[in-house]
Structure formats: structure tokens, C-alpha cells
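Pasting run04.txt here (compact mmCIF, C-alpha atoms):
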```txt
# COMPACT_ATOMS: atom_id res chain seq x y z
CA MET A 1 6.16 20.04 14.27
CA SER A 2 6.97 16.37 14.63
CA PRO A 3 5.19 14.16 17.16
CA GLN A 4 6.57 13.80 20.65
CA PRO A 5 8.55 10.56 20.91
CA SER A 6 6.87 7.84 22.89
CA VAL A 7 8.24 4.72 24.51
CA LEU A 8 7.48 1.64 22.44
CA GLU A 9 8.93 -1.31 24.27
CA ALA A 10 10.06 -4.41 22.42
CA LEU A 11 7.35 -7.01 21.98
CA SER A 12 8.30 -10.56 22.91
CA ALA A 13 6.10 -13.20 21.28
CA PRO A 14 3.42 -10.63 20.39
CA ARG A 15 -0.17 -11.70 19.99
CA ILE A 16 -1.22 -10.97 16.41
CA SER A 17 -4.74 -10.12 15.27
CA VAL A 18 -5.48 -10.60 11.58
CA VAL A 19 -8.38 -8.68 10.07
CA VAL A 20 -9.54 -9.92 6.65
CA CYS A 21 -11.56 -7.35 4.71
CA ASN A 22 -13.83 -8.76 2.03
CA TYR A 23 -16.17 -7.43 -0.62
CA ASN A 24 -17.44 -9.74 -3.38
CA TYR A 25 -14.40 -12.01 -3.47
CA GLU A 26 -16.09 -15.38 -3.13
CA ARG A 27 -13.51 -16.72 -5.58
CA TYR A 28 -10.56 -15.92 -3.32
CA VAL A 29 -11.68 -15.47 0.29
CA ARG A 30 -11.32 -19.14 1.20
CA GLN A 31 -7.66 -19.19 0.17
CA THR A 32 -7.08 -15.99 2.12
CA ILE A 33 -8.58 -17.29 5.35
CA ASP A 34 -6.85 -20.66 4.99
CA SER A 35 -3.51 -18.89 4.59
CA VAL A 36 -4.01 -17.28 7.99
CA LEU A 37 -5.12 -20.46 9.71
CA GLN A 38 -2.10 -22.35 8.32
CA GLN A 39 0.49 -20.03 9.86
CA SER A 40 3.38 -21.64 11.74
CA TYR A 41 2.93 -18.86 14.32
CA PRO A 42 -0.81 -19.00 15.06
CA PRO A 43 -2.68 -15.71 15.24
CA LEU A 44 -4.42 -14.71 18.43
CA GLU A 45 -7.63 -14.11 16.49
CA VAL A 46 -8.91 -13.90 12.94
CA ILE A 47 -11.64 -11.38 12.24
CA VAL A 48 -13.33 -11.36 8.84
CA VAL A 49 -15.29 -8.26 7.87
CA ASP A 50 -17.71 -8.68 5.00
CA ASP A 51 -18.54 -5.25 3.64
CA GLY A 52 -21.99 -5.97 2.24
CA SER A 53 -21.02 -8.51 -0.41
CA THR A 54 -23.68 -9.37 -2.99
CA ASP A 55 -22.10 -12.67 -4.02
CA ASN A 56 -21.72 -15.86 -1.93
CA SER A 57 -18.74 -14.58 0.05
CA LEU A 58 -20.54 -14.42 3.36
CA ASP A 59 -21.78 -18.01 3.07
CA ILE A 60 -18.18 -19.17 2.59
CA ILE A 61 -16.90 -17.02 5.43
CA ARG A 62 -19.52 -18.29 7.88
CA GLN A 63 -18.29 -21.85 7.33
CA TYR A 64 -15.21 -20.83 9.33
CA GLU A 65 -17.11 -19.71 12.42
CA ALA A 66 -16.88 -23.25 13.80
CA ARG A 67 -13.09 -22.87 13.68
CA GLY A 68 -13.16 -19.79 15.87
CA ILE A 69 -13.22 -17.11 13.19
CA LYS A 70 -15.09 -13.98 14.22
CA VAL A 71 -17.36 -12.76 11.40
CA ILE A 72 -18.62 -9.21 11.04
CA ALA A 73 -21.32 -8.81 8.40
CA LYS A 74 -22.09 -5.16 7.71
CA ALA A 75 -23.73 -2.98 5.12
CA ASN A 76 -21.45 -1.80 2.35
CA GLY A 77 -19.48 1.23 3.47
CA GLY A 78 -16.09 0.98 1.83
CA GLN A 79 -12.60 0.12 3.02
CA ILE A 80 -12.44 2.70 5.80
CA SER A 81 -15.64 1.46 7.45
CA ALA A 82 -14.43 -2.14 7.14
CA TYR A 83 -11.11 -1.29 8.82
CA ASN A 84 -12.93 0.54 11.60
CA ALA A 85 -15.32 -2.36 12.21
CA GLY A 86 -12.52 -4.91 12.25
CA PHE A 87 -10.08 -2.93 14.36
CA GLU A 88 -12.71 -2.35 17.04
CA GLN A 89 -12.83 -6.11 17.65
CA THR A 90 -9.07 -6.69 17.86
CA SER A 91 -7.26 -7.35 21.11
CA GLY A 92 -3.76 -8.37 19.99
CA ASP A 93 -0.48 -6.53 20.37
CA VAL A 94 -0.10 -6.40 16.58
CA VAL A 95 -2.74 -5.96 13.86
CA LEU A 96 -2.48 -7.02 10.22
CA PHE A 97 -5.18 -6.06 7.71
CA LEU A 98 -5.38 -8.60 4.88
CA ASP A 99 -7.29 -8.04 1.64
CA SER A 100 -9.47 -11.02 0.79
CA ASP A 101 -7.89 -11.56 -2.63
CA ASP A 102 -4.37 -11.75 -1.15
CA ALA A 103 -2.74 -14.40 1.04
CA LEU A 104 0.03 -14.89 3.59
CA LEU A 105 2.79 -17.45 3.21
CA PRO A 106 3.10 -19.93 6.13
CA GLU A 107 6.02 -18.19 7.89
CA ALA A 108 4.67 -14.66 7.60
CA LEU A 109 3.45 -14.12 11.17
CA ALA A 110 6.52 -15.83 12.63
CA ASN A 111 8.79 -13.40 10.80
CA ILE A 112 6.66 -10.42 11.74
CA ALA A 113 6.66 -11.38 15.42
CA HIS A 114 10.48 -11.20 15.58
CA GLN A 115 10.66 -7.70 14.11
CA PHE A 116 8.78 -5.68 16.72
CA GLY A 117 11.78 -4.40 18.61
CA ALA A 118 11.88 -1.27 20.75
CA GLY A 119 10.51 1.75 18.95
CA VAL A 120 9.04 -0.17 15.99
CA ALA A 121 5.54 0.93 15.02
CA LYS A 122 5.21 -0.92 11.71
CA VAL A 123 6.69 -4.07 10.20
CA HIS A 124 6.36 -4.65 6.47
CA PHE A 125 7.37 -7.27 3.94
CA LYS A 126 7.47 -7.95 0.22
CA LEU A 127 4.58 -9.50 -1.64
CA GLU A 128 4.82 -11.74 -4.70
CA LEU A 129 2.52 -10.77 -7.55
CA ILE A 130 0.08 -13.41 -8.74
CA GLY A 131 -2.55 -13.31 -11.46
CA PRO A 132 -6.32 -13.89 -11.31
CA ASN A 133 -5.89 -17.67 -11.25
CA GLY A 134 -2.93 -17.68 -8.88
CA GLU A 135 -0.30 -17.81 -11.63
CA LYS A 136 3.03 -16.23 -10.69
CA VAL A 137 3.81 -13.02 -12.54
CA GLY A 138 7.51 -13.11 -11.70
CA ALA A 139 7.67 -9.86 -9.75
CA THR A 140 7.46 -8.55 -6.20
CA ILE A 141 6.02 -5.39 -4.74
CA PRO A 142 7.84 -3.32 -3.77
CA ASN A 143 11.36 -4.06 -4.97
CA GLU A 144 12.81 -2.26 -1.96
CA LEU A 145 11.60 -1.77 1.61
CA ALA A 146 12.26 1.28 3.75
CA GLN A 147 13.56 0.86 7.30
CA GLY A 148 14.14 3.03 10.35
CA ASP A 149 12.95 6.61 10.69
CA VAL A 150 10.76 7.44 7.69
CA ALA A 151 8.67 10.15 9.35
CA THR A 152 11.29 12.91 9.03
CA ALA A 153 11.31 12.92 5.22
CA PHE A 154 7.54 12.57 5.14
CA LEU A 155 6.92 15.53 7.45
CA LYS A 156 9.60 17.73 5.88
CA HIS A 157 9.12 17.06 2.18
CA GLY A 158 5.92 15.02 1.91
CA VAL A 159 7.99 12.06 0.70
CA PRO A 160 6.39 8.68 1.49
CA HIS A 161 8.53 5.67 2.30
CA SER A 162 8.81 2.60 0.09
CA SER A 163 6.09 0.32 1.39
CA PRO A 164 3.96 -2.59 0.20
CA PRO A 165 0.21 -2.12 -0.18
CA ALA A 166 -2.25 -3.00 2.57
CA SER A 167 -1.65 -6.74 3.00
CA GLY A 168 2.11 -6.35 3.43
CA ASN A 169 1.99 -4.35 6.67
CA ALA A 170 1.58 -5.21 10.35
CA TYR A 171 1.10 -2.51 12.99
CA ARG A 172 1.60 -2.15 16.70
CA ARG A 173 -1.96 -1.92 18.00
CA SER A 174 -1.14 0.71 20.60
CA VAL A 175 -0.03 2.99 17.76
CA LEU A 176 -3.15 2.40 15.71
CA THR A 177 -5.32 3.44 18.66
CA ARG A 178 -3.93 6.94 18.13
CA ILE A 179 -5.46 7.23 14.68
CA PHE A 180 -8.55 4.97 14.88
CA PRO A 181 -11.40 5.17 14.18
CA LEU A 182 -10.45 6.43 10.72
CA PRO A 183 -12.49 9.32 9.31
CA ALA A 184 -15.32 8.33 7.01
CA ASP A 185 -15.81 10.49 3.93
CA GLU A 186 -18.60 9.96 1.41
CA GLN A 187 -16.37 11.45 -1.29
CA ASP A 188 -13.71 8.79 -0.70
CA ARG A 189 -14.66 5.69 1.24
CA HIS A 190 -11.28 4.08 0.68
CA GLY A 191 -7.68 4.84 1.59
CA ALA A 192 -7.71 3.13 4.99
CA ASP A 193 -4.32 1.59 4.25
CA PHE A 194 -3.03 5.08 3.40
CA PHE A 195 -3.90 6.26 6.93
CA CYS A 196 -2.36 3.19 8.55
CA ILE A 197 0.82 3.00 6.46
CA PHE A 198 1.76 6.65 6.90
CA GLY A 199 0.03 7.46 10.17
CA SER A 200 1.66 4.63 12.12
CA THR A 201 5.18 5.77 11.21
CA LEU A 202 4.63 9.16 12.83
CA PHE A 203 4.82 7.40 16.20
CA GLY A 204 7.72 5.01 15.68
CA THR A 205 10.14 3.41 13.25
CA VAL A 206 9.69 0.85 10.48
CA ALA A 207 11.22 -2.63 10.37
CA ALA A 208 11.45 -4.81 7.27
CA CYS A 209 11.28 -8.59 7.06
CA GLU A 210 13.61 -10.48 4.76
CA GLY A 211 12.17 -12.47 1.91
CA ILE A 212 8.69 -12.67 0.43
CA LEU A 213 5.96 -13.36 2.97
CA GLY A 214 2.72 -12.87 1.06
CA LEU A 215 0.89 -12.97 -2.25
CA TYR A 216 -0.61 -9.90 -3.88
CA ARG A 217 -3.18 -10.54 -6.58
CA ILE A 218 -3.43 -8.42 -9.69
CA HIS A 219 -6.55 -8.86 -11.76
CA ARG A 220 -5.14 -7.98 -15.16
CA MET A 221 -2.13 -9.81 -16.52
CA PRO A 222 0.73 -7.75 -17.97
CA GLY A 223 1.28 -8.12 -21.69
CA LYS A 224 -2.33 -9.21 -22.21
CA ASP A 225 -4.61 -6.75 -20.50
CA SER A 226 -2.09 -4.74 -18.54
CA SER A 227 -3.34 -2.83 -15.54
CA PHE A 228 -1.27 0.14 -16.67
CA THR A 229 -2.94 1.69 -19.69
CA PHE A 230 -2.12 4.81 -21.63
CA GLY A 231 -4.25 7.20 -23.67
CA ASN A 232 -6.29 8.23 -20.63
CA ALA A 233 -4.82 11.41 -19.24
CA ALA A 234 -8.13 12.29 -17.59
CA LYS A 235 -7.83 9.19 -15.42
CA GLY A 236 -4.31 10.19 -14.41
CA LEU A 237 -5.51 13.64 -13.44
CA SER A 238 -8.41 12.23 -11.43
CA LEU A 239 -5.98 10.03 -9.51
CA ASP A 240 -3.89 13.11 -8.80
CA LYS A 241 -6.89 14.92 -7.42
CA ARG A 242 -7.95 11.95 -5.33
CA LEU A 243 -4.48 11.60 -3.84
CA GLN A 244 -4.32 15.32 -3.08
CA ALA A 245 -7.70 15.19 -1.36
CA ARG A 246 -6.58 12.14 0.60
CA ILE A 247 -3.36 13.70 1.90
CA GLU A 248 -5.25 16.84 2.91
CA ARG A 249 -7.80 14.74 4.79
CA PHE A 250 -4.97 12.74 6.35
CA GLY A 251 -3.27 15.95 7.52
CA ARG A 252 -6.42 17.31 9.12
CA TRP A 253 -7.06 13.98 10.85
CA MET A 254 -3.55 13.63 12.22
CA THR A 255 -3.62 17.21 13.53
CA GLU A 256 -6.92 16.53 15.24
CA ARG A 257 -5.89 13.19 16.70
CA SER A 258 -2.54 14.52 17.93
CA GLN A 259 -4.14 17.66 19.37
CA GLY A 260 -2.02 19.81 17.12
CA THR A 261 1.38 18.26 17.84
CA ILE A 262 1.63 16.80 14.32
CA GLN A 263 1.57 19.12 11.32
CA SER A 264 1.36 16.71 8.41
CA PRO A 265 2.28 17.77 4.84
CA THR A 266 -0.56 19.06 2.67
CA THR A 267 0.93 17.69 -0.54
CA LEU A 268 2.53 14.33 -1.25
CA LEU A 269 5.69 14.09 -3.33
CA ASP A 270 5.22 10.44 -4.20
CA PHE A 271 7.34 9.00 -7.01
CA SER A 272 4.89 6.12 -7.45
CA ASN A 273 2.10 8.55 -8.22
CA GLU A 274 4.24 11.04 -10.14
CA LYS A 275 5.69 8.44 -12.51
CA SER A 276 2.25 7.10 -13.43
CA ALA A 277 0.67 10.50 -13.98
CA TYR A 278 3.71 11.60 -16.00
CA ALA A 279 3.66 8.53 -18.25
CA ILE A 280 -0.10 8.60 -18.74
CA THR A 281 0.05 12.25 -19.78
CA ALA A 282 3.07 11.74 -22.05
CA LEU A 283 1.34 8.88 -23.87
CA ALA A 284 -2.20 10.23 -23.91
CA GLY A 285 -2.41 10.00 -27.70
CA ASN A 286 -3.51 13.59 -28.33
CA GLY A 287 -0.72 14.19 -30.82
CA TRP A 288 3.05 14.39 -30.33
CA TRP A 289 3.23 18.11 -29.59
CA ALA A 290 0.03 18.24 -27.53
CA ASP A 291 1.26 15.38 -25.33
CA LYS A 292 4.66 17.06 -24.86
CA LYS A 293 3.11 20.39 -23.88
CA ALA A 294 0.88 18.65 -21.35
CA THR A 295 3.75 16.60 -19.92
CA LEU A 296 6.50 19.22 -19.57
CA PRO A 297 4.87 20.98 -16.57
CA ARG A 298 4.94 17.62 -14.74
CA LEU A 299 8.65 17.05 -15.34
CA PRO A 300 10.10 19.25 -12.53
CA ARG A 301 7.91 17.64 -9.91
CA LEU A 302 8.74 14.15 -11.18
CA LEU A 303 12.47 14.86 -11.05
CA ARG A 304 12.16 16.30 -7.55
CA SER A 305 10.25 13.21 -6.39
CA ILE A 306 13.27 11.18 -7.49
CA ALA A 307 15.93 13.52 -6.13
CA VAL A 308 14.55 13.65 -2.57
CA ARG A 309 14.44 9.88 -2.14
CA ASN A 310 17.15 9.07 0.40
CA ASP A 311 16.67 5.35 -0.21
CA TYR A 312 17.66 5.60 -3.88
CA SER A 313 21.32 5.33 -4.91
CA LEU A 314 22.85 7.96 -7.19
CA LEU A 315 22.98 5.38 -9.96
CA LYS A 316 19.31 4.59 -9.58
CA LYS A 317 18.38 8.27 -9.57
CA ALA A 318 20.41 8.83 -12.73
CA GLY A 319 18.64 5.90 -14.38
CA LEU A 320 15.23 7.31 -13.48
CA PHE A 321 16.18 10.76 -14.76
CA ALA A 322 17.14 9.12 -18.05
CA TRP A 323 13.85 7.18 -18.03
CA ALA A 324 11.91 10.44 -17.78
CA GLY A 325 13.67 11.68 -20.90
CA VAL A 326 12.95 8.49 -22.83
CA VAL A 327 9.23 8.58 -21.97
CA LEU A 328 9.05 12.23 -23.04
CA LEU A 329 11.13 12.17 -26.22
CA ALA A 330 11.47 8.63 -27.60
CA PRO A 331 9.20 7.24 -30.33
CA ARG A 332 5.89 6.09 -28.92
CA GLY A 333 6.66 2.38 -29.10
CA VAL A 334 9.93 2.75 -27.19
CA ALA A 335 8.42 5.25 -24.75
CA THR A 336 5.51 2.93 -24.00
CA LYS A 337 7.79 -0.01 -23.24
CA ALA A 338 9.95 2.17 -20.98
CA ALA A 339 6.92 3.57 -19.19
CA ARG A 340 5.39 0.16 -18.64
CA TYR A 341 8.66 -1.26 -17.31
CA VAL A 342 8.83 1.28 -14.50
CA CYS A 343 5.14 1.90 -13.84
CA ASP A 344 3.81 -1.66 -14.02
CA PRO A 345 5.75 -4.08 -11.76
CA GLY A 346 4.22 -7.11 -13.42
CA SER A 347 5.62 -6.21 -16.82
CA ARG A 348 9.26 -6.41 -15.84
CA GLY A 349 9.50 -9.50 -13.66
CA SER A 350 11.89 -9.31 -10.74
CA ALA A 351 14.65 -7.52 -12.63
CA PRO A 352 17.26 -6.09 -10.28
CA GLY A 353 17.37 -2.36 -9.98
CA ALA A 354 13.84 -1.82 -11.25
CA ALA A 355 12.03 1.09 -9.72
CA PRO A 356 9.43 0.27 -7.11
```
Representation of the structure as C-alpha cells:
Amino acid sequence: MSPQPSVLEALSAPRISVVVCNYNYERYVRQTIDSVLQQSYPPLEVIVVDDGSTDNSLDIIRQYEARGIKVIAKANGGQISAYNAGFEQTSGDVVLFLDSDDALLPEALANIAHQFGAGVAKVHFKLELIGPNGEKVGATIPNELAQGDVATAFLKHGVPHSSPPASGNAYRRSVLTRIFPLPADEQDRHGADFFCIFGSTLFGTVAACEGILGLYRIHRMPGKDSSFTFGNAAKGLSLDKRLQARIERFGRWMTERSQGTIQSPTTLLDFSNEKSAYAITALAGNGWWADKKATLPRLPRLLRSIAVRNDYSLLKKAGLFAWAGVVLLAPRGVATKAARYVCDPGSRGSAPGAAP
């Protein structure tokens, strides 16, 4: 059952709360906070949650208290506990959670403020990838942004919408109150952005901003020490299990918070996850035939995760079907390049038509 529709009136000049979540990022947190304070559309409040850092992060953060920044210093508890602590202190109409190694571009909040029309629960925007030292990678994440009603496909097929990671999303606070505080779990202390990104859209639509409005830092540069590595099928399987546990926990939480009016999917048909697990298994390095036998059972689910995407053109779907064949059957060198092109955004630059 889908949630009962609620009236979300258009927000005119919404007050925006920015929550910066930090853990041991003394190298980057200053740039992150400065990027918020330098917005052309000033935030209502900036709340910085330090989740038990063991470096000098907190000393840097406290230097901003004189400028009105609210600082929350807490024992280490993971991303979910940091989101809960920060959200509790917000009072704006809109809330944006910003990772402390990312940054906003100066017009980000101004663009976000104009997008909260009637019915909109979440506004998202593209992020430009940068390296450890701020160098531009030449790619954005994601390549495409979903808009409108994304809950129907999610509830019916378990298909998530195309969305940026945590720092690229802003939420209507009244919607977040329906799912906060997020459930803490000692088995998985992270995934707060998962709850916000998908939970918010069960109560309203999604709007997308034009252009790139933020910077998303990757800590391994493609082509040198790429963040997408092969030969580790066990890691791919563990990610599968973690995602499955997360969607099950999400479903239980949404059912509880909605008093049974929302029956969330128990499995997630996520192309982003399926493509990575498929490629990792296909290139595990256990021998040509062993890798093929391990990969073939994943193929139907991968193809289905492509087929059900309403935001993909027929041409794009055909290209991804062909990609699956190349990764499975091509010589290892060719298959690795193909896999990296689709699975690692930083390896392909901003090529048009690339899969998100």
C-alpha cells in the first residue's frame, strides 16, 4: 500500500538548515563550512556534528562558533547517530546534510530554495567529482537526475530513483519528521542518507536543479588507485548482503513510522549495486570458467534492473545490455575497461550517455 497523499504547500523563500557531519576530516572540514557560509542565499543555521573525531577536526570546527555556527561534539556513533543529533537541532523549512569532505558551490542554496514547489519533498542536484587535493576528475555524479513521482516504481518494483549521494540532497523538514529519529543498529551504523533519500520520496515528489551545485570528493583517483577494484568477489557479496539488510531495516522502519500505511519493498533492484556486483564477480580472477559460472546467475537480475528503469531510453538500455555481454565474454583487458567505464564515474569523465 502506498502512503496517503499529504498536502505539501509551496515554500516561498524557505529557511534552510545545513547540517555538516564530520568524522576525522580535519583536512577538509574548513572548506566545507566556508562553502556554506559563502552562499549567496544565506542559510538559516549551520549545525556541525563532530562524531567523536580523534584528529584536530573539533578544534577547527570550534573556531567557527564565534560566527554563529552551532557545534555538537558527541561520542562516535556512526552516520545515523550524527544525522539524528544534527536534525534534532534544526528549525528550518528545508534541511541539507553535508558531508565534511564535500562542499557546496555559492549558488547552491539559492537554486534549492526555488525548487520547493507544491508537493515537493526532496530537491537534488548534481555534484562534480574532485580528488583528494581538490583536483577536478572531469565527471559528475549522477549523470542524470530523476524528477516527479519516484515512489511508485520504488514501492512496486524496488527500483530506486537516480539520485546523488548524501550531500546532493535537500529535504522538506516536515517530511523528515515522519522518519526521524532514524533507527540505530549496531550491525550497521551508517546508511542515514539511504533512509532520507528514499524515505522522503514516499511523502512527495522530487525536483531537480539545473547545473552542478556541489563538489563530491573521492579519495582514490581513477587510473592510479581507482576506487573500483576487481578480483574481490567476496567484497561484492558483502556489499550485497549489507544492502539487503539495509532495505529490510528500511522497510520495517517505514512500516512502523507510517503505522502500517506504507509497505516498503523487501529487496532493492538497484542498477548501481547490480552493475558493481556483476562486474566484480565477472572479474574476480578465479579462472575464466569459474568467473563465468559465478557471474551467470547474476545476469538475469542485472538485466531486469536495467529494463525496469523508466528514466532510461531504449537506446541506453540496449547499450547497457551490450555492456553486460562485453563484461561477461570479452577478454579480461577489454572487459575490465568496459566495467570500469560504467561502474566508476571518475574513469570516464563527463562523457554523454554514460550510465549513472
Ref. answer, residues at most 12 Å from (4.8, -19.6, 12.1) with only C-alpha atoms, as JSON, numbers by chain: {"A": [13, 16, 35, 36, 37, 38, 39, 40, 41, 42, 43, 104, 105, 106, 107, 108, 109, 110, 111, 112, 113, 114, 213]}
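In this comparison, which uses all atoms listed in the file, the residue of A:Ala330, A:Ala324, A:Ile130, A:Ile212 approaching Val342 (chain A) most closely is A:Ala324.
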Selection: 12 Å around Phe203 (chain A), only C-alpha atoms, excl. self and same-chain fewer than 5 positions, as a PyMOL selection string: chain A and resi 2-8+119-122+148-152+171-179+196-198+254+258+261-262
Would you export the selected residues with C-alpha atoms as a compact mmCIF listing (two decimals), keeping the file's coordinate frame, please?
```
# COMPACT_ATOMS: atom_id res chain seq x y z
CA SER A 2 6.97 16.37 14.63
CA PRO A 3 5.19 14.16 17.16
CA GLN A 4 6.57 13.80 20.65
CA PRO A 5 8.55 10.56 20.91
CA SER A 6 6.87 7.84 22.89
CA VAL A 7 8.24 4.72 24.51
CA LEU A 8 7.48 1.64 22.44
CA GLY A 119 10.51 1.75 18.95
CA VAL A 120 9.04 -0.17 15.99
CA ALA A 121 5.54 0.93 15.02
CA LYS A 122 5.21 -0.92 11.71
CA GLY A 148 14.14 3.03 10.35
CA ASP A 149 12.95 6.61 10.69
CA VAL A 150 10.76 7.44 7.69
CA ALA A 151 8.67 10.15 9.35
CA THR A 152 11.29 12.91 9.03
CA TYR A 171 1.10 -2.51 12.99
CA ARG A 172 1.60 -2.15 16.70
CA ARG A 173 -1.96 -1.92 18.00
CA SER A 174 -1.14 0.71 20.60
CA VAL A 175 -0.03 2.99 17.76
CA LEU A 176 -3.15 2.40 15.71
CA THR A 177 -5.32 3.44 18.66
CA ARG A 178 -3.93 6.94 18.13
CA ILE A 179 -5.46 7.23 14.68
CA CYS A 196 -2.36 3.19 8.55
CA ILE A 197 0.82 3.00 6.46
CA PHE A 198 1.76 6.65 6.90
CA MET A 254 -3.55 13.63 12.22
CA SER A 258 -2.54 14.52 17.93
CA THR A 261 1.38 18.26 17.84
CA ILE A 262 1.63 16.80 14.32
```
Residues within 9 Å of (6.4, 2.2, 0.8), file coords, all atoms listed in the file, listed as a VMD selection string: chain A and resid 124 142 144 to 146 160 to 165 197 to 198 356
Using all atoms listed in the file, what does the table of region 131-165 of chain A residues within 12 Å of region 86-102 of chain A look like, with each row giving the shortest atom pair and its distance in Å to one decimal, sorted by chain and ascending number, as JSON lines?
```
{"residue": "A:Gly131", "atom": "CA", "partner": "A:Asp101", "partner_atom": "CA", "distance": 10.5}
{"residue": "A:Pro132", "atom": "CA", "partner": "A:Asp101", "partner_atom": "CA", "distance": 9.1}
{"residue": "A:Asn133", "atom": "CA", "partner": "A:Asp101", "partner_atom": "CA", "distance": 10.8}
{"residue": "A:Gly134", "atom": "CA", "partner": "A:Asp102", "partner_atom": "CA", "distance": 9.8}
{"residue": "A:Pro165", "atom": "CA", "partner": "A:Asp99", "partner_atom": "CA", "distance": 9.7}
```
Can you patch up region 106-130 of chain A, filling it in to N, CA and C atoms, and show the result as a compact mmCIF listing (two decimals), in the coordinates of the input?
```txt
# COMPACT_ATOMS: atom_id res chain seq x y z
N PRO A 106 3.18 -19.29 4.81
CA PRO A 106 3.10 -19.93 6.13
C PRO A 106 3.98 -19.31 7.22
N GLU A 107 5.12 -18.73 6.88
CA GLU A 107 6.02 -18.19 7.89
C GLU A 107 5.85 -16.68 8.11
N ALA A 108 4.82 -16.11 7.53
CA ALA A 108 4.67 -14.66 7.60
C ALA A 108 4.58 -14.13 9.03
N LEU A 109 3.64 -14.65 9.81
CA LEU A 109 3.45 -14.12 11.17
C LEU A 109 4.65 -14.41 12.06
N ALA A 110 5.32 -15.52 11.84
CA ALA A 110 6.52 -15.83 12.63
C ALA A 110 7.61 -14.79 12.38
N ASN A 111 7.79 -14.42 11.13
CA ASN A 111 8.79 -13.40 10.80
C ASN A 111 8.40 -12.04 11.35
N ILE A 112 7.14 -11.71 11.23
CA ILE A 112 6.66 -10.42 11.74
C ILE A 112 6.88 -10.32 13.24
N ALA A 113 6.57 -11.40 13.95
CA ALA A 113 6.66 -11.38 15.42
C ALA A 113 8.06 -11.05 15.90
N HIS A 114 9.10 -11.43 15.15
CA HIS A 114 10.48 -11.20 15.58
C HIS A 114 10.97 -9.78 15.29
N GLN A 115 10.19 -9.01 14.56
CA GLN A 115 10.66 -7.70 14.11
C GLN A 115 10.20 -6.53 14.97
N PHE A 116 9.30 -6.78 15.93
CA PHE A 116 8.78 -5.68 16.72
C PHE A 116 9.69 -5.38 17.91
N GLY A 117 10.85 -4.82 17.58
CA GLY A 117 11.78 -4.40 18.61
C GLY A 117 11.36 -3.07 19.21
N ALA A 118 12.19 -2.54 20.11
CA ALA A 118 11.88 -1.27 20.75
C ALA A 118 11.75 -0.17 19.70
N GLY A 119 10.70 0.61 19.82
CA GLY A 119 10.51 1.75 18.95
C GLY A 119 9.82 1.45 17.64
N VAL A 120 9.62 0.18 17.29
CA VAL A 120 9.04 -0.17 15.99
C VAL A 120 7.52 -0.05 16.03
N ALA A 121 6.99 0.75 15.11
CA ALA A 121 5.54 0.93 15.02
C ALA A 121 4.93 0.08 13.92
N LYS A 122 5.72 -0.17 12.85
CA LYS A 122 5.21 -0.92 11.71
C LYS A 122 6.27 -1.88 11.20
N VAL A 123 5.83 -3.09 10.86
CA VAL A 123 6.69 -4.07 10.20
C VAL A 123 6.08 -4.36 8.84
N HIS A 124 6.91 -4.34 7.79
CA HIS A 124 6.36 -4.65 6.47
C HIS A 124 7.24 -5.66 5.75
N PHE A 125 6.70 -6.20 4.65
CA PHE A 125 7.37 -7.27 3.94
C PHE A 125 6.95 -7.25 2.48
N LYS A 126 7.75 -7.91 1.65
CA LYS A 126 7.47 -7.95 0.22
C LYS A 126 6.36 -8.95 -0.09
N LEU A 127 5.65 -8.65 -1.16
CA LEU A 127 4.58 -9.50 -1.64
C LEU A 127 4.89 -9.97 -3.06
N GLU A 128 4.63 -11.23 -3.35
CA GLU A 128 4.82 -11.74 -4.70
C GLU A 128 3.54 -11.52 -5.50
N LEU A 129 3.68 -11.01 -6.71
CA LEU A 129 2.52 -10.77 -7.55
C LEU A 129 2.02 -12.07 -8.17
N ILE A 130 0.71 -12.27 -8.08
CA ILE A 130 0.08 -13.41 -8.74
C ILE A 130 -1.09 -12.90 -9.58
```
